[in-house]
>>> print(open('upload_37.txt').read())   # compact mmCIF, C-alpha atoms
# COMPACT_ATOMS: atom_id res chain seq x y z
CA MET R 1 147.90 -4.88 -131.39
CA ARG R 2 148.13 -7.97 -133.48
CA SER R 3 145.29 -9.69 -131.69
CA LEU R 4 143.22 -6.56 -132.06
CA LEU R 5 143.79 -6.64 -135.83
CA ASP R 6 142.93 -10.32 -135.87
CA PHE R 7 139.75 -9.57 -134.03
CA LEU R 8 138.81 -6.80 -136.44
CA VAL R 9 139.45 -8.97 -139.49
CA ARG R 10 137.54 -11.91 -138.07
CA HIS R 11 134.60 -9.69 -137.26
CA SER R 12 134.76 -7.49 -140.33
CA TYR R 13 131.30 -8.69 -141.28
CA VAL R 14 129.92 -6.85 -138.26
CA PHE R 15 131.23 -3.58 -139.66
CA LEU R 16 129.86 -4.50 -143.07
CA PHE R 17 126.50 -5.14 -141.43
CA ILE R 18 126.51 -1.77 -139.72
CA LEU R 19 127.57 -0.04 -142.92
CA LEU R 20 124.84 -1.69 -145.00
CA GLU R 21 122.19 -0.92 -142.39
CA ILE R 22 123.23 2.73 -142.22
CA LEU R 23 123.11 2.90 -146.01
CA SER R 24 119.60 1.40 -146.06
CA LEU R 25 118.31 3.66 -143.33
CA VAL R 26 119.73 6.75 -145.03
CA LEU R 27 117.90 5.70 -148.18
CA LEU R 28 114.74 5.05 -146.18
CA PHE R 29 114.66 8.20 -144.06
CA GLY R 30 117.11 10.45 -145.85
CA PHE R 31 114.97 11.44 -148.76
CA ASN R 32 112.41 13.68 -147.20
CA ASP R 33 112.02 15.01 -150.66
CA ARG R 34 112.02 11.61 -152.22
CA GLN R 35 108.76 12.23 -154.02
CA LYS R 36 110.88 14.12 -156.51
CA GLU R 37 113.36 11.30 -156.86
CA ALA R 38 111.74 9.56 -159.78
CA PHE R 39 114.44 6.90 -159.61
CA TRP R 40 113.03 5.48 -156.39
CA THR R 41 109.45 5.31 -157.63
CA SER R 42 107.91 3.10 -160.25
CA ALA R 43 108.49 6.00 -162.66
CA ASN R 44 112.04 4.76 -163.19
CA SER R 45 112.41 3.16 -166.57
CA MET R 46 113.34 -0.29 -165.28
CA SER R 47 110.22 -0.83 -163.21
CA GLY R 48 108.24 1.00 -165.87
CA THR R 49 109.34 -1.46 -168.51
CA LEU R 50 108.63 -4.41 -166.24
CA PHE R 51 105.16 -3.20 -165.24
CA GLU R 52 104.34 -2.29 -168.81
CA TRP R 53 105.14 -5.82 -169.85
CA ARG R 54 102.90 -7.22 -167.13
CA SER R 55 100.06 -4.88 -167.99
CA GLY R 56 100.42 -5.98 -171.61
CA VAL R 57 99.65 -9.51 -170.47
CA ASP R 58 96.81 -8.33 -168.24
CA GLY R 59 95.45 -6.12 -171.01
CA PHE R 60 95.14 -8.97 -173.41
CA PHE R 61 92.51 -10.54 -171.19
CA MET R 62 90.54 -7.35 -170.84
CA LEU R 63 90.27 -6.36 -174.49
CA ARG R 64 86.59 -7.08 -174.83
CA LYS R 65 85.67 -4.96 -171.85
CA GLU R 66 87.99 -2.15 -172.93
CA ASN R 67 86.41 -2.16 -176.36
CA ALA R 68 82.97 -1.82 -174.86
CA GLN R 69 84.13 1.15 -172.80
CA LEU R 70 85.68 2.81 -175.84
CA VAL R 71 82.52 2.39 -177.88
CA GLU R 72 80.52 3.89 -175.04
CA GLU R 73 82.82 6.89 -174.81
CA ASN R 74 82.82 7.29 -178.57
CA THR R 75 79.06 7.47 -178.57
CA ARG R 76 79.07 10.09 -175.87
CA LEU R 77 81.63 12.19 -177.76
CA ARG R 78 79.67 11.91 -180.98
CA ASN R 79 76.61 13.16 -179.20
CA LEU R 80 78.56 16.09 -177.81
CA LEU R 81 79.94 16.86 -181.24
CA SER R 82 76.53 16.95 -182.83
CA ALA R 83 75.30 19.17 -180.02
CA ILE R 84 78.10 21.64 -180.75
CA ALA R 85 77.44 21.55 -184.48
CA ASP R 86 73.80 22.32 -183.82
CA SER R 87 74.41 25.29 -181.58
CA GLN R 88 74.27 28.68 -183.23
CA TYR R 89 76.47 30.52 -180.78
CA VAL R 90 80.07 30.17 -179.72
CA ASP R 91 80.63 28.95 -176.19
CA LEU R 92 83.13 31.51 -174.96
CA GLU R 93 84.53 29.44 -172.13
CA ARG R 94 85.02 26.36 -174.24
CA SER R 95 86.79 28.26 -176.96
CA LEU R 96 89.19 29.73 -174.41
CA SER R 97 90.40 26.45 -173.04
CA THR R 98 93.15 25.25 -175.31
CA GLU R 99 93.23 21.81 -173.86
CA GLY R 100 96.02 19.42 -174.73
CA VAL R 101 95.24 15.84 -173.79
CA VAL R 102 97.58 12.89 -173.64
CA ALA R 103 96.23 9.36 -173.30
CA ALA R 104 98.26 6.88 -171.23
CA ARG R 105 97.97 3.28 -170.24
CA VAL R 106 97.84 2.29 -166.57
CA ILE R 107 100.66 -0.18 -165.99
CA ASP R 108 100.54 -0.51 -162.21
CA ASN R 109 97.74 0.25 -159.81
CA SER R 110 96.60 -0.41 -156.26
CA VAL R 111 93.47 0.49 -154.31
CA ARG R 112 93.75 -1.57 -151.14
CA LYS R 113 96.69 0.13 -149.46
CA ASP R 114 96.75 3.15 -147.16
CA ASP R 115 98.38 5.27 -149.82
CA ASN R 116 97.76 4.11 -153.34
CA TYR R 117 99.66 5.01 -156.48
CA ILE R 118 99.11 4.48 -160.18
CA THR R 119 101.93 4.15 -162.68
CA ILE R 120 101.30 5.20 -166.30
CA ASN R 121 103.35 4.73 -169.44
CA LYS R 122 103.84 8.40 -170.33
CA GLY R 123 106.49 10.70 -168.91
CA ARG R 124 108.35 13.96 -169.39
CA ARG R 125 109.14 12.90 -172.93
CA ASP R 126 105.41 13.13 -173.69
CA GLY R 127 105.01 16.47 -171.94
CA ILE R 128 103.81 15.09 -168.60
CA GLU R 129 104.81 17.18 -165.57
CA PRO R 130 104.01 16.85 -161.86
CA GLY R 131 100.79 18.60 -160.90
CA MET R 132 98.85 17.79 -164.05
CA GLY R 133 95.33 16.44 -163.70
CA VAL R 134 94.52 12.84 -164.60
CA TYR R 135 91.03 11.68 -165.51
CA CYS R 136 89.27 9.00 -167.50
CA ALA R 137 86.00 8.68 -169.37
CA ASP R 138 84.02 8.54 -166.10
CA GLY R 139 85.72 11.41 -164.25
CA VAL R 140 88.63 12.47 -162.04
CA VAL R 141 91.38 9.94 -161.26
CA GLY R 142 94.11 12.00 -159.57
CA VAL R 143 97.14 14.22 -160.04
CA ILE R 144 100.60 13.48 -161.48
CA MET R 145 103.04 13.19 -158.59
CA VAL R 146 106.38 12.37 -160.25
CA SER R 147 107.35 12.01 -163.85
CA GLY R 148 110.33 10.10 -165.10
CA ARG R 149 111.41 10.24 -168.70
CA ARG R 150 109.01 7.60 -169.99
CA TYR R 151 106.78 6.86 -167.02
CA SER R 152 104.91 8.80 -164.37
CA VAL R 153 103.36 8.08 -161.00
CA VAL R 154 99.86 9.38 -160.33
CA MET R 155 98.62 10.20 -156.85
CA PRO R 156 95.00 9.08 -157.19
CA ILE R 157 92.03 10.19 -155.12
CA LEU R 158 92.70 7.05 -153.04
CA ASN R 159 95.81 8.51 -151.42
CA GLY R 160 95.94 10.22 -148.05
CA ASN R 161 97.86 13.18 -149.49
CA THR R 162 95.45 14.00 -152.28
CA SER R 163 93.18 17.00 -151.97
CA ILE R 164 91.10 18.25 -154.89
CA SER R 165 88.79 21.25 -154.75
CA CYS R 166 85.27 20.22 -155.71
CA LYS R 167 81.77 21.70 -155.72
CA LYS R 168 78.17 20.70 -156.18
CA LYS R 169 77.34 20.90 -159.85
CA GLY R 170 75.63 24.20 -160.63
CA SER R 171 76.49 25.84 -157.33
CA ASP R 172 79.53 27.82 -156.26
CA SER R 173 80.19 26.64 -152.72
CA PHE R 174 83.14 24.29 -152.69
CA GLY R 175 85.06 21.90 -150.49
CA PHE R 176 88.07 19.60 -150.67
CA LEU R 177 87.91 15.97 -151.68
CA GLU R 178 90.06 13.73 -149.51
CA TRP R 179 90.34 10.05 -148.74
CA SER R 180 91.06 8.52 -145.36
CA GLY R 181 91.61 4.90 -146.33
CA GLY R 182 89.26 1.96 -146.43
CA ASP R 183 86.53 1.80 -149.06
CA PRO R 184 88.04 2.48 -152.53
CA TYR R 185 84.68 3.62 -153.90
CA VAL R 186 83.97 6.39 -151.38
CA ALA R 187 85.84 9.63 -150.61
CA GLN R 188 85.07 12.53 -148.27
CA LEU R 189 84.32 16.09 -149.25
CA ARG R 190 85.42 18.37 -146.40
CA ASP R 191 84.88 22.01 -145.58
CA MET R 192 81.69 22.44 -147.57
CA PRO R 193 79.98 25.52 -146.09
CA TYR R 194 77.05 24.63 -143.87
CA HIS R 195 74.63 26.73 -145.88
CA SER R 196 75.37 24.96 -149.16
CA ALA R 197 72.31 22.89 -149.92
CA VAL R 198 73.99 19.56 -150.63
CA GLU R 199 71.65 16.62 -150.85
CA ILE R 200 72.02 12.89 -151.35
CA GLY R 201 72.31 12.11 -155.05
CA ASP R 202 73.77 15.52 -156.05
CA THR R 203 76.60 15.44 -158.58
CA ILE R 204 80.01 16.62 -157.40
CA VAL R 205 82.37 18.13 -159.97
CA THR R 206 85.73 19.91 -160.01
CA THR R 207 85.80 23.66 -159.43
CA GLY R 208 88.43 24.56 -161.98
CA PHE R 209 90.06 26.88 -159.42
CA SER R 210 93.39 25.16 -159.63
CA SER R 211 95.14 24.74 -162.93
CA VAL R 212 94.92 20.99 -162.46
CA PHE R 213 91.43 20.26 -163.78
CA ARG R 214 88.98 22.10 -165.95
CA GLU R 215 85.70 23.09 -164.38
CA ASN R 216 82.91 20.51 -164.17
CA VAL R 217 84.88 17.28 -164.56
CA PRO R 218 82.71 14.68 -162.76
CA VAL R 219 83.98 13.43 -159.40
CA GLY R 220 81.05 11.47 -157.97
CA THR R 221 77.65 11.66 -156.36
CA VAL R 222 76.71 12.48 -152.78
CA ALA R 223 76.11 9.38 -150.65
CA SER R 224 75.51 11.04 -147.28
CA VAL R 225 75.75 14.44 -145.61
CA GLU R 226 76.49 15.21 -141.98
CA ARG R 227 77.41 18.28 -140.02
CA SER R 228 81.08 18.28 -139.01
CA LYS R 229 82.15 18.59 -135.39
CA ASN R 230 82.85 22.29 -135.48
CA GLY R 231 79.33 22.84 -136.77
CA TYR R 232 80.19 25.32 -139.50
CA THR R 233 80.91 22.92 -142.31
CA LEU R 234 79.48 19.78 -143.82
CA LYS R 235 81.14 16.42 -144.13
CA VAL R 236 79.95 14.81 -147.34
CA GLN R 237 80.54 11.20 -148.35
CA VAL R 238 80.97 10.93 -152.10
CA ASN R 239 80.48 7.81 -154.20
CA LEU R 240 83.30 8.14 -156.71
CA ALA R 241 82.38 8.29 -160.38
CA VAL R 242 85.47 6.33 -161.38
CA ASP R 243 86.09 2.73 -160.37
CA LEU R 244 89.77 3.15 -159.59
CA SER R 245 90.24 -0.58 -159.13
CA ASP R 246 89.43 -1.08 -162.79
CA LEU R 247 91.44 1.42 -164.81
CA SER R 248 93.25 0.68 -168.02
CA TRP R 249 93.46 3.99 -169.85
CA VAL R 250 93.61 7.55 -168.51
CA TYR R 251 93.91 11.03 -169.97
CA ILE R 252 96.24 13.74 -168.75
CA ASN R 253 95.46 17.40 -169.00
CA THR R 254 98.79 18.73 -170.29
CA GLN R 255 97.80 22.22 -171.19
CA THR R 256 95.03 24.38 -169.90
CA ALA R 257 94.06 27.98 -170.35
CA ASP R 258 94.77 28.21 -166.65
CA ASP R 259 98.50 28.20 -167.25
CA GLU R 260 97.89 31.80 -168.11
CA ILE R 261 96.16 32.38 -164.79
CA GLU R 262 99.10 30.89 -162.97
CA GLU R 263 101.49 33.15 -164.83
CA LEU R 264 99.39 36.14 -163.92
CA TYR R 265 99.49 35.13 -160.26
CA LYS R 266 103.24 34.83 -160.47
CA GLU R 267 103.49 38.30 -161.94
CA ILE R 268 101.36 39.73 -159.17
CA LEU R 269 103.36 38.02 -156.49
CA ASN R 270 106.73 39.09 -157.83
CA MET O 1 132.28 -19.32 -153.92
CA ASP O 2 132.61 -21.15 -157.20
CA LYS O 3 131.30 -19.78 -160.45
CA GLU O 4 128.45 -22.23 -160.81
CA SER O 5 126.82 -21.53 -157.48
CA PHE O 6 127.29 -17.79 -158.10
CA VAL O 7 125.40 -18.02 -161.39
CA ARG O 8 122.73 -20.18 -159.81
CA ARG O 9 122.33 -17.64 -157.05
CA ILE O 10 121.98 -14.79 -159.58
CA PHE O 11 119.16 -16.67 -161.29
CA ALA O 12 117.47 -17.36 -157.95
CA LEU O 13 117.72 -13.66 -157.16
CA ILE O 14 116.18 -12.61 -160.48
CA GLY O 15 113.40 -15.19 -160.13
CA LEU O 16 112.53 -14.13 -156.58
CA VAL O 17 112.61 -10.42 -157.47
CA LEU O 18 110.26 -10.97 -160.44
CA LEU O 19 107.90 -13.11 -158.36
CA GLN O 20 107.84 -10.52 -155.60
CA VAL O 21 107.40 -7.32 -157.63
CA LEU O 22 105.16 -8.68 -160.40
CA PHE O 23 102.78 -10.78 -158.34
CA LEU O 24 103.22 -10.86 -154.58
CA ASN O 25 103.45 -7.08 -154.09
CA ARG O 26 100.00 -6.85 -155.62
CA ILE O 27 98.52 -9.05 -152.95
CA CYS O 28 97.15 -6.97 -150.12
CA LEU O 29 94.56 -9.09 -148.31
CA PHE O 30 92.17 -7.08 -146.12
CA GLY O 31 94.44 -4.08 -146.63
CA TYR O 32 96.98 -5.65 -144.27
CA VAL O 33 98.55 -8.81 -145.50
CA THR O 34 101.34 -8.88 -148.07
CA PRO O 35 103.59 -11.93 -148.42
CA LEU O 36 107.33 -11.18 -148.61
CA PHE O 37 108.39 -14.47 -150.04
CA TYR O 38 111.72 -13.20 -151.37
CA ILE O 39 113.35 -13.98 -148.00
CA TRP O 40 113.36 -17.58 -149.25
CA MET O 41 116.79 -16.78 -150.69
CA ILE O 42 118.13 -15.79 -147.27
CA VAL O 43 116.49 -18.83 -145.69
CA ARG O 44 118.47 -21.07 -148.02
CA PHE O 45 121.95 -19.64 -147.42
CA ASP O 46 124.19 -22.55 -146.48
CA SER O 47 126.50 -22.68 -143.52
CA SER O 48 129.66 -22.63 -145.65
CA MET O 49 129.03 -19.10 -146.87
CA LYS O 50 131.07 -16.19 -145.58
CA ARG O 51 129.12 -13.91 -143.27
CA SER O 52 129.99 -10.88 -145.36
CA GLY O 53 128.85 -12.71 -148.51
CA ILE O 54 125.49 -13.48 -146.91
CA LEU O 55 125.08 -9.82 -145.93
CA LEU O 56 125.93 -8.51 -149.39
CA TRP O 57 123.60 -10.91 -151.20
CA ALA O 58 120.75 -10.03 -148.88
CA PHE O 59 121.42 -6.31 -149.13
CA PHE O 60 121.34 -6.31 -152.92
CA LEU O 61 118.31 -8.58 -153.00
CA GLY O 62 116.45 -6.11 -150.77
CA LEU O 63 117.74 -3.10 -152.69
CA ILE O 64 116.55 -4.46 -156.04
CA ILE O 65 113.13 -5.24 -154.57
CA ASP O 66 113.08 -1.66 -153.24
CA LEU O 67 113.92 -0.30 -156.67
CA PHE O 68 110.79 -1.92 -158.09
CA SER O 69 108.53 -1.21 -155.15
CA GLY O 70 109.15 2.50 -154.61
CA THR O 71 110.43 1.87 -151.08
CA PRO O 72 114.09 2.98 -150.96
CA GLY O 73 116.02 1.15 -148.24
CA LEU O 74 113.05 -0.60 -146.64
CA ASN O 75 113.62 -4.11 -147.95
CA ALA O 76 117.40 -3.61 -147.99
CA ALA O 77 117.39 -2.80 -144.26
CA SER O 78 115.16 -5.69 -143.22
CA ALA O 79 116.82 -8.26 -145.49
CA THR O 80 120.31 -7.29 -144.28
CA LEU O 81 119.21 -7.60 -140.67
CA LEU O 82 117.72 -11.03 -141.34
CA ALA O 83 120.95 -12.12 -143.06
CA MET O 84 122.96 -10.99 -140.03
CA PHE O 85 121.01 -13.34 -137.78
CA GLN O 86 120.44 -16.19 -140.24
CA PRO O 87 123.48 -18.30 -139.24
CA GLY O 88 122.58 -17.93 -135.57
CA ILE O 89 118.95 -18.85 -136.13
CA VAL O 90 119.94 -21.98 -138.08
CA LYS O 91 122.02 -23.05 -135.07
CA LEU O 92 118.97 -22.79 -132.82
CA PHE O 93 117.27 -25.55 -134.77
CA VAL O 94 120.09 -28.07 -135.34
CA PRO O 95 122.00 -30.13 -132.78
CA LEU O 96 125.02 -28.33 -131.32
CA ASP O 97 127.48 -30.98 -132.47
CA ARG O 98 126.68 -30.60 -136.14
CA HIS O 99 129.54 -29.19 -138.16
CA ASP O 100 128.86 -30.35 -141.73
CA VAL O 101 127.89 -27.94 -144.50
CA LEU O 102 124.20 -27.38 -144.13
CA VAL O 103 121.67 -26.02 -146.61
CA PRO O 104 118.60 -25.40 -144.47
CA SER O 105 115.74 -27.66 -145.61
CA SER O 106 113.34 -30.16 -144.12
CA ALA O 107 115.63 -32.94 -145.32
CA SER O 108 118.75 -31.61 -143.63
CA MET O 109 117.12 -30.30 -140.46
CA GLY O 110 113.98 -32.41 -140.07
CA GLY O 111 110.48 -31.22 -140.83
CA ARG O 112 109.55 -29.78 -137.47
CA PRO O 113 112.79 -27.87 -136.75
CA PHE O 114 112.78 -26.54 -140.32
CA ALA O 115 109.21 -25.26 -139.92
CA GLY O 116 110.22 -23.58 -136.67
CA TYR O 117 113.22 -22.05 -138.42
CA LEU O 118 111.00 -20.70 -141.26
CA LEU O 119 108.52 -19.23 -138.82
CA LEU O 120 111.20 -17.48 -136.77
CA MET O 121 112.92 -16.14 -139.89
CA ALA O 122 109.67 -14.80 -141.34
CA ALA O 123 108.64 -13.30 -138.00
CA LEU O 124 111.96 -11.50 -137.52
CA HIS O 125 112.04 -10.11 -141.04
CA HIS O 126 108.40 -9.03 -141.11
CA THR O 127 108.59 -7.41 -137.69
CA VAL O 128 111.51 -5.23 -138.76
CA TYR O 129 109.94 -4.58 -142.17
CA PHE O 130 106.54 -3.46 -140.93
CA ILE O 131 107.94 -1.40 -138.04
CA LEU O 132 110.26 0.48 -140.41
CA ARG O 133 107.43 0.84 -142.87
CA SER O 134 104.98 2.28 -140.35
CA ILE O 135 107.32 4.91 -138.85
CA PRO O 136 106.07 7.22 -137.39
CA LEU O 137 104.33 4.50 -135.42
CA GLY O 138 100.64 5.23 -135.21
CA ASP O 139 98.20 2.42 -134.74
CA TRP O 140 99.77 -0.45 -132.80
CA THR O 141 96.95 -2.92 -133.34
CA VAL O 142 97.08 -2.50 -137.11
CA LEU O 143 100.86 -2.90 -137.04
CA VAL O 144 100.64 -6.12 -135.03
CA LEU O 145 97.94 -7.49 -137.33
CA LYS O 146 100.10 -6.72 -140.36
CA ILE O 147 103.13 -8.44 -138.83
CA VAL O 148 101.26 -11.53 -137.60
CA PHE O 149 99.21 -12.26 -140.69
CA SER O 150 101.90 -11.41 -143.23
CA THR O 151 104.32 -13.63 -141.31
CA LEU O 152 101.82 -16.50 -141.41
CA LEU O 153 101.20 -16.04 -145.13
CA THR O 154 104.91 -15.94 -146.00
CA PHE O 155 105.48 -18.92 -143.70
CA VAL O 156 102.78 -20.98 -145.43
CA LEU O 157 104.13 -20.02 -148.87
CA MET O 158 107.61 -21.17 -147.85
CA LEU O 159 106.30 -24.45 -146.42
CA VAL O 160 104.39 -25.14 -149.63
CA THR O 161 107.47 -24.32 -151.72
CA GLU O 162 109.56 -26.70 -149.62
CA HIS O 163 106.99 -29.49 -150.01
CA VAL O 164 106.71 -28.98 -153.74
CA SER O 165 110.47 -28.80 -154.25
CA ARG O 166 110.94 -32.03 -152.29
CA GLY O 167 108.39 -33.78 -154.46
CA SER O 168 106.84 -35.60 -151.54
CA GLY O 169 105.53 -33.92 -148.43
CA SER O 170 107.30 -34.03 -145.12
CA LYS O 171 105.23 -33.59 -142.03
CA ARG O 172 105.58 -30.40 -140.03
>>> encode(input="upload_37.txt", output="structure tokens")
Amino acid sequence: MRSLLDFLVRHSYVFLFILLEILSLVLLFGFNDRQKEAFWTSANSMSGTLFEWRSGVDGFFMLRKENAQLVEENTRLRNLLSAIADSQYVDLERSLSTEGVVAARVIDNSVRKDDNYITINKGRRDGIEPGMGVYCADGVVGVIMVSGRRYSVVMPILNGNTSISCKKKGSDSFGFLEWSGGDPYVAQLRDMPYHSAVEIGDTIVTTGFSSVFRENVPVGTVASVERSKNGYTLKVQVNLAVDLSDLSWVYINTQTADDEIEELYKEILN
Amino acid sequence: MDKESFVRRIFALIGLVLLQVLFLNRICLFGYVTPLFYIWMIVRFDSSMKRSGILLWAFFLGLIIDLFSGTPGLNAASATLLAMFQPGIVKLFVPLDRHDVLVPSSASMGGRPFAGYLLLMAALHHTVYFILRSIPLGDWTVLVLKIVFSTLLTFVLMLVTEHVSRGSGSKR
């Protein structure tokens, strides 16, 4: 008995090892739902603070370029504004969308991995919730995946789990934008009906079906079209409008008229 | 463990965590290769340390890296496993009759054995890390490429660090 105890004490580190490994593996495989555990993503406030600090340093070196981009966007908005002022009629659709927009800074980003994520410096405190659409001056960036109190993680187009419904601008046939790794400038539009006349160079925009994005937010342009294996749909390669490797500011769609649509659906279903 | 070496170890831990999560995690050469230099801390554990102490340090080092990388348990599991085998791996590269307190380095072990030790440590850690990371295992060739090239990159980084910290270079 005594020698057994001795043995156990002398080898207690083996038990500690087993305990620590079990703990790690539970953490690693236990959270099937870990996407909702903001603590274990870069949306937790500690990593958020750290990454924000780093991006502050990075940002300092990119000011000139950022300024140029802002001026460009400003010009575009001014043009839009003057166009609206000139028009004599009220655009019904535009007036319906009560769009709330929050701007956020990108504090961590990757494009070279299999599944990429973007961390931004706005969270629940600023009204950001999972499922909201994220875009920038050039077009669609992705969808909010988790939001912590002050930070959120975005699932960008460059993530295997992202799927965004898109269409050819001016037409109604739609497909789903997905990304299967590799080139960070090209994504694939699947399930476009075979009869939809998609051609190289066409502009691809969001459908506005989901409550995530408004209609007609730019996504990219068609790079190539081929018939998919089953023969009924097209597989379209899309050159993305946004350079996701070079993002510093994004906008989040916090409120859309479509919230109302979603509520209606809920009422119908209940 | 005395207070001074405890404090020194805390600072080493903070430094390695910052280096890993702020800079090294961003490196992703060819979509495959990420250096995991933080195992340097485990490499340096001296032979006077208690086995349970080694395990706990490594576990928390991995866990803190996980906290900042969005990978719960991944680094904790692989770092703890490496720490479990570290004392044994040191013994592979020093003469059997050595019983003094040993901080693994090229000075205490000799350049060539130390390089071998670094390579084996990196290989063990990265193999466990990338296998756990890629579960469910899909593409074997990609997995092997990730392990081999990340191991080499971490290995080279550790060799360079050792040379720099010694001031003058020792030959491999």
>>> atom_distance(input="upload_37.txt", atom1="atom CA of Lys235 of chain R", atom2="atom CA of Gly133 of chain R")
24.2 Å
>>> interface_residues(input="upload_37.txt", of="chain R", to="chain O", cutoff="7 Å", atoms="all atoms listed in the file", output="PDB file with C-alpha atoms, in the coordinates of the input")
ATOM      1  CA  TYR R  13     131.300  -8.690-141.280  1.00  0.00           C
ATOM      2  CA  LEU R  16     129.860  -4.500-143.070  1.00  0.00           C
ATOM      3  CA  PHE R  17     126.500  -5.140-141.430  1.00  0.00           C
ATOM      4  CA  GLU R  21     122.190  -0.920-142.390  1.00  0.00           C
ATOM      5  CA  SER R  24     119.600   1.400-146.060  1.00  0.00           C
ATOM      6  CA  LEU R  25     118.310   3.660-143.330  1.00  0.00           C
ATOM      7  CA  LEU R  27     117.900   5.700-148.180  1.00  0.00           C
ATOM      8  CA  LEU R  28     114.740   5.050-146.180  1.00  0.00           C
ATOM      9  CA  TRP R  40     113.030   5.480-156.390  1.00  0.00           C
ATOM     10  CA  THR R  41     109.450   5.310-157.630  1.00  0.00           C
ATOM     11  CA  SER R  42     107.910   3.100-160.250  1.00  0.00           C
ATOM     12  CA  SER R  47     110.220  -0.830-163.210  1.00  0.00           C
ATOM     13  CA  ARG R 112      93.750  -1.570-151.140  1.00  0.00           C
ATOM     14  CA  LYS R 113      96.690   0.130-149.460  1.00  0.00           C
TER      15      LYS R 113
END
>>> atom_distance(input="upload_37.txt", atom1="atom CA of Gln86 of chain O", atom2="atom CA of Ile14 of chain O")
21.0 Å
>>> closest_residue(input="upload_37.txt", among="O:Ala123, O:Leu61, O:Val164, O:Leu92", to="Phe149 of chain O", atoms="only C-alpha atoms")
O:Ala123
>>> residues_around(input="upload_37.txt", residues="Arg166 of chain O", least_positions_apart="5", cutoff="12 Å", atoms="only C-alpha atoms", output="PyMOL selection string")
chain O and resi 105-108+111+159-161+171
